[in-house]
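> A single structure is presented below for examination.
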Amino acid sequence: MATYKEIKGTGVRNFSSDPANPVLGQIWYNTTSNLFKGLGFVEGWATGGNLNTARSYLAGAGTQTAGLAMGGEGPAIEDSTEEYDGSAWTEGGAMGTARRNLAGAGTQTAGLAFGGKDAPPVSNATEEYDGSAWTAGGNLATARYALAGAGTQTAGLAFGGNVGPPSYTAQNATEEYDGTSWTGGGNMGTARYTLAGFGTQTAGLAAGGRPKTAATEEYDGSSWTAGGTMGTSRFRLVGAGLQTAGLAFGGTEDPPDTAATEKYDGTSWTATSNMNTVVSGMQGSAGTQAAALGFGGGPTGGALVYTGEYGLAAGTVTFTTS
């Protein structure tokens with residue numbers, strides 16, 4: 001096996017403090033901390049471009065470089081849409097119905113928004129986005145808010161939520177969208193709202209939610225089964241990715257609000273780098289496990305313009321031996 005000196009042409013240098021401008025792949029020994037360190041790729045959150053309108057309880061769709069934010073509460077209930085290009089948000093077409101606590105699915109040019117409420121009516125409305133304008137789609141069978149969504153514009157999934165007021169009853173109902181209308185799917189094992197949802201119509205995932213839980217459920221296109229338990233029990237969280245490669249982040253433990261981020265591999269959850277901003281209030285989310293996007297939300301009771309991007313970035317790594 002080649003040595004570090006043979007690869008780099010120089011031995012590992014000693015420093016009393018970490019170098020100010022290391023290069024990728026450089027390794028050094030910190031004589032103060034007595035640790036070997038280097039500059040490599042690490043997973044973590046970075047701050048992206050701010051939303052134009054601060055809002056919480058919004059919905060999201062798309063990818064980290066082509067994201068979609070819609071609805072929410074700012075102080076006003078929003079009908080506005082914003083599109084993200086990987087660095088900045090620009091205004092898109094306004095929704096037909098202003099609402100908060102809605103769910104989203106799909107892409108920036110083929111988005112889906114459904115459910116929610118407009119203080120106080122609870123909505124069953126569905127809208128479809130073509131990259132510039134929204135048009136009405138088929139209504140949900142059950143009007144509800146604080147639900148979760150997954151899938152695409154022509155193969156969407158809606159699950160969980162709440163039907164209040166006046167009853168404020170958590171839901172376990174699942175509905176599937178074919179691009180025109182919704183039909184009933186298998187019920188979730190645990191009724192809940194303000195939960196995280198991601199994946200596809202035939203491989204969806206539900207995590208967390210209220211009543212406060214760490215439970216995960218996996219959908220196979222007809223029924224839900226229990227998955228691995230999250231490390232942090234919480235609600236008002238969001239997620240991104242697939243059933244076998246997912247990410248859940250933010251939310252509240254009632255109290256406190258949390259920046260915790262966890263990765264799912266289809267079986268179990270593992271903790272990864274915390275968000276760089278503590279966010280609850282059901283922010284919007286989009287993307288994949290390796291390139292996720294979180295936006296809006298706020299500390300409980302507030303609204304933010306925050307955007308966070310999760311992925312690989314250059315960072316200092318500490319080497320240990322075992």
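We label chains A, B, ... in the order they appear in the structure tokens, count residues from 1 in each chain, and number ligands from 1 in the order shown.
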What are the closest atom pairs, with distances in Å to one decimal, for all residues of range 86-199 of chain A lying within 12 Å of range 252-273 of chain A? Consider only C-alpha atoms, order rows by chain and residue number, and present the result as a tab-separated table.

residue	atom	partner	partner_atom	distance
A:Thr194	CA	A:Thr252	CA	10.2
A:Leu195	CA	A:Thr252	CA	11.0
A:Ala196	CA	A:Glu262	CA	11.9
A:Phe198	CA	A:Tyr264	CA	11.3
A:Gly199	CA	A:Gly266	CA	11.1
> If you count only C-alpha atoms, which residues fall within 8 Å of Thr200 in chain A, apart from same-chain ones fewer than 3 positions away, as an MDAnalysis selection string?
chainID A and resid 150:152 155:157 203:204 242:243
> Run DSSP on the backbone of this structure and report the residues of range 138-234 of chain A it assigns to strand (DSSP E or B), as an mmCIF file with C-alpha atoms, in the first residue's frame.

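Below is the file out.cif, written as the result:
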data_model
loop_
_atom_site.group_PDB
_atom_site.id
_atom_site.type_symbol
_atom_site.label_atom_id
_atom_site.label_comp_id
_atom_site.auth_asym_id
_atom_site.auth_seq_id
_atom_site.Cartn_x
_atom_site.Cartn_y
_atom_site.Cartn_z
ATOM 1 C CA TYR A 145 -54.536 19.840 6.806
ATOM 2 C CA ALA A 148 -47.904 14.627 4.226
ATOM 3 C CA GLY A 149 -47.319 14.066 0.533
ATOM 4 C CA ALA A 150 -45.061 12.043 -1.754
ATOM 5 C CA GLY A 151 -44.738 10.994 -5.374
ATOM 6 C CA GLY A 156 -49.178 11.295 -5.928
ATOM 7 C CA LEU A 157 -49.682 10.113 -2.366
ATOM 8 C CA ALA A 158 -51.475 11.896 0.493
ATOM 9 C CA PHE A 159 -51.521 10.510 4.052
ATOM 10 C CA ASN A 162 -56.107 16.503 10.742
ATOM 11 C CA ALA A 170 -55.645 12.937 13.591
ATOM 12 C CA THR A 174 -54.198 7.413 2.549
ATOM 13 C CA GLU A 175 -55.181 8.590 -0.927
ATOM 14 C CA GLU A 176 -53.519 8.030 -4.307
ATOM 15 C CA TYR A 177 -53.621 10.500 -7.218
ATOM 16 C CA TRP A 182 -57.854 10.600 -5.836
ATOM 17 C CA THR A 183 -58.733 7.071 -4.712
ATOM 18 C CA GLY A 184 -58.424 5.473 -1.292
ATOM 19 C CA TYR A 193 -50.507 14.916 11.616
ATOM 20 C CA ALA A 196 -42.779 14.012 7.445
ATOM 21 C CA GLY A 197 -43.466 12.231 4.179
ATOM 22 C CA PHE A 198 -41.406 11.383 1.101
ATOM 23 C CA GLY A 199 -40.797 8.702 -1.500
ATOM 24 C CA THR A 200 -43.112 7.500 -4.268
ATOM 25 C CA ALA A 203 -42.760 3.196 -1.937
ATOM 26 C CA GLY A 204 -43.727 5.985 0.435
ATOM 27 C CA LEU A 205 -42.488 6.753 3.933
ATOM 28 C CA ALA A 206 -44.092 8.458 6.942
ATOM 29 C CA ALA A 207 -42.004 9.555 9.928
ATOM 30 C CA ARG A 210 -48.374 14.380 16.329
ATOM 31 C CA THR A 213 -43.918 9.897 17.939
ATOM 32 C CA THR A 216 -41.879 5.200 10.884
ATOM 33 C CA GLU A 217 -44.196 3.481 8.410
ATOM 34 C CA GLU A 218 -43.482 2.277 4.866
ATOM 35 C CA TYR A 219 -46.062 2.098 2.056
ATOM 36 C CA TRP A 224 -48.382 0.351 5.440
ATOM 37 C CA THR A 225 -45.926 -1.617 7.604
ATOM 38 C CA ALA A 226 -43.765 -0.508 10.519
ATOM 39 C CA ARG A 234 -40.865 14.830 17.161
#
> With a distance cut-off of 10 Å and only C-alpha atoms, select the neighbouring residues of Ala133 in chain A, excluding the residue or stretch itself and same-chain residues fewer than 2 positions from it, and output the selection as a ChimeraX atom specification.
/A:81,92-96,109,127-131,135
> A:Thr232, A:Ser87, A:Thr154, A:Gln64: which is nearest Ser285 in chain A, counting only C-alpha atoms?
A:Gln64
> For Thr53 in chain A, list every protein, DNA or RNA residue within 9 Å, evaluated using only C-alpha atoms, and leave out those in the same chain fewer than 5 positions away; present the list as a PDB file with N, CA and C atoms, in the first residue's frame.

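Saved file out00.pdb follows:
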ATOM      1  N   GLY A  74     -47.610  33.891   6.467  1.00  0.00           N
ATOM      2  CA  GLY A  74     -46.523  34.806   6.559  1.00  0.00           C
ATOM      3  C   GLY A  74     -46.362  35.923   7.513  1.00  0.00           C
ATOM      4  N   SER A  80     -48.830  32.576  -2.786  1.00  0.00           N
ATOM      5  CA  SER A  80     -47.659  32.796  -3.638  1.00  0.00           C
ATOM      6  C   SER A  80     -46.821  31.534  -3.794  1.00  0.00           C
ATOM      7  N   GLU A  82     -42.802  30.246  -5.107  1.00  0.00           N
ATOM      8  CA  GLU A  82     -41.436  30.643  -5.433  1.00  0.00           C
ATOM      9  C   GLU A  82     -40.667  29.457  -5.989  1.00  0.00           C
ATOM     10  N   GLY A 296     -38.136  28.049   4.626  1.00  0.00           N
ATOM     11  CA  GLY A 296     -39.228  28.623   5.389  1.00  0.00           C
ATOM     12  C   GLY A 296     -39.329  28.006   6.762  1.00  0.00           C
ATOM     13  N   LEU A 304     -39.801  32.282   8.738  1.00  0.00           N
ATOM     14  CA  LEU A 304     -38.446  32.585   8.302  1.00  0.00           C
ATOM     15  C   LEU A 304     -38.355  32.641   6.781  1.00  0.00           C
ATOM     16  N   VAL A 305     -37.306  33.330   6.299  1.00  0.00           N
ATOM     17  CA  VAL A 305     -36.952  33.300   4.876  1.00  0.00           C
ATOM     18  C   VAL A 305     -35.829  32.290   4.640  1.00  0.00           C
TER      19      VAL A 305
END
> If we count only C-alpha atoms and set the cut-off at 6 Å, which residues sit around range 30-36 of chain A, ignoring sequence neighbours fewer than 4 positions away in its own chain? Please answer as a PyMOL selection string.
chain A and resi 15-17+319
> Dump C-alpha atoms for the selected residues as a PDB file, in the first residue's frame?

ATOM      1  CA  PHE A  15       0.961  22.397  13.125  1.00  0.00           C
ATOM      2  CA  SER A  16       0.137  23.947  16.485  1.00  0.00           C
ATOM      3  CA  SER A  17      -3.265  24.966  15.055  1.00  0.00           C
ATOM      4  CA  PHE A 319      -8.801  10.765  12.093  1.00  0.00           C
TER       5      PHE A 319
END
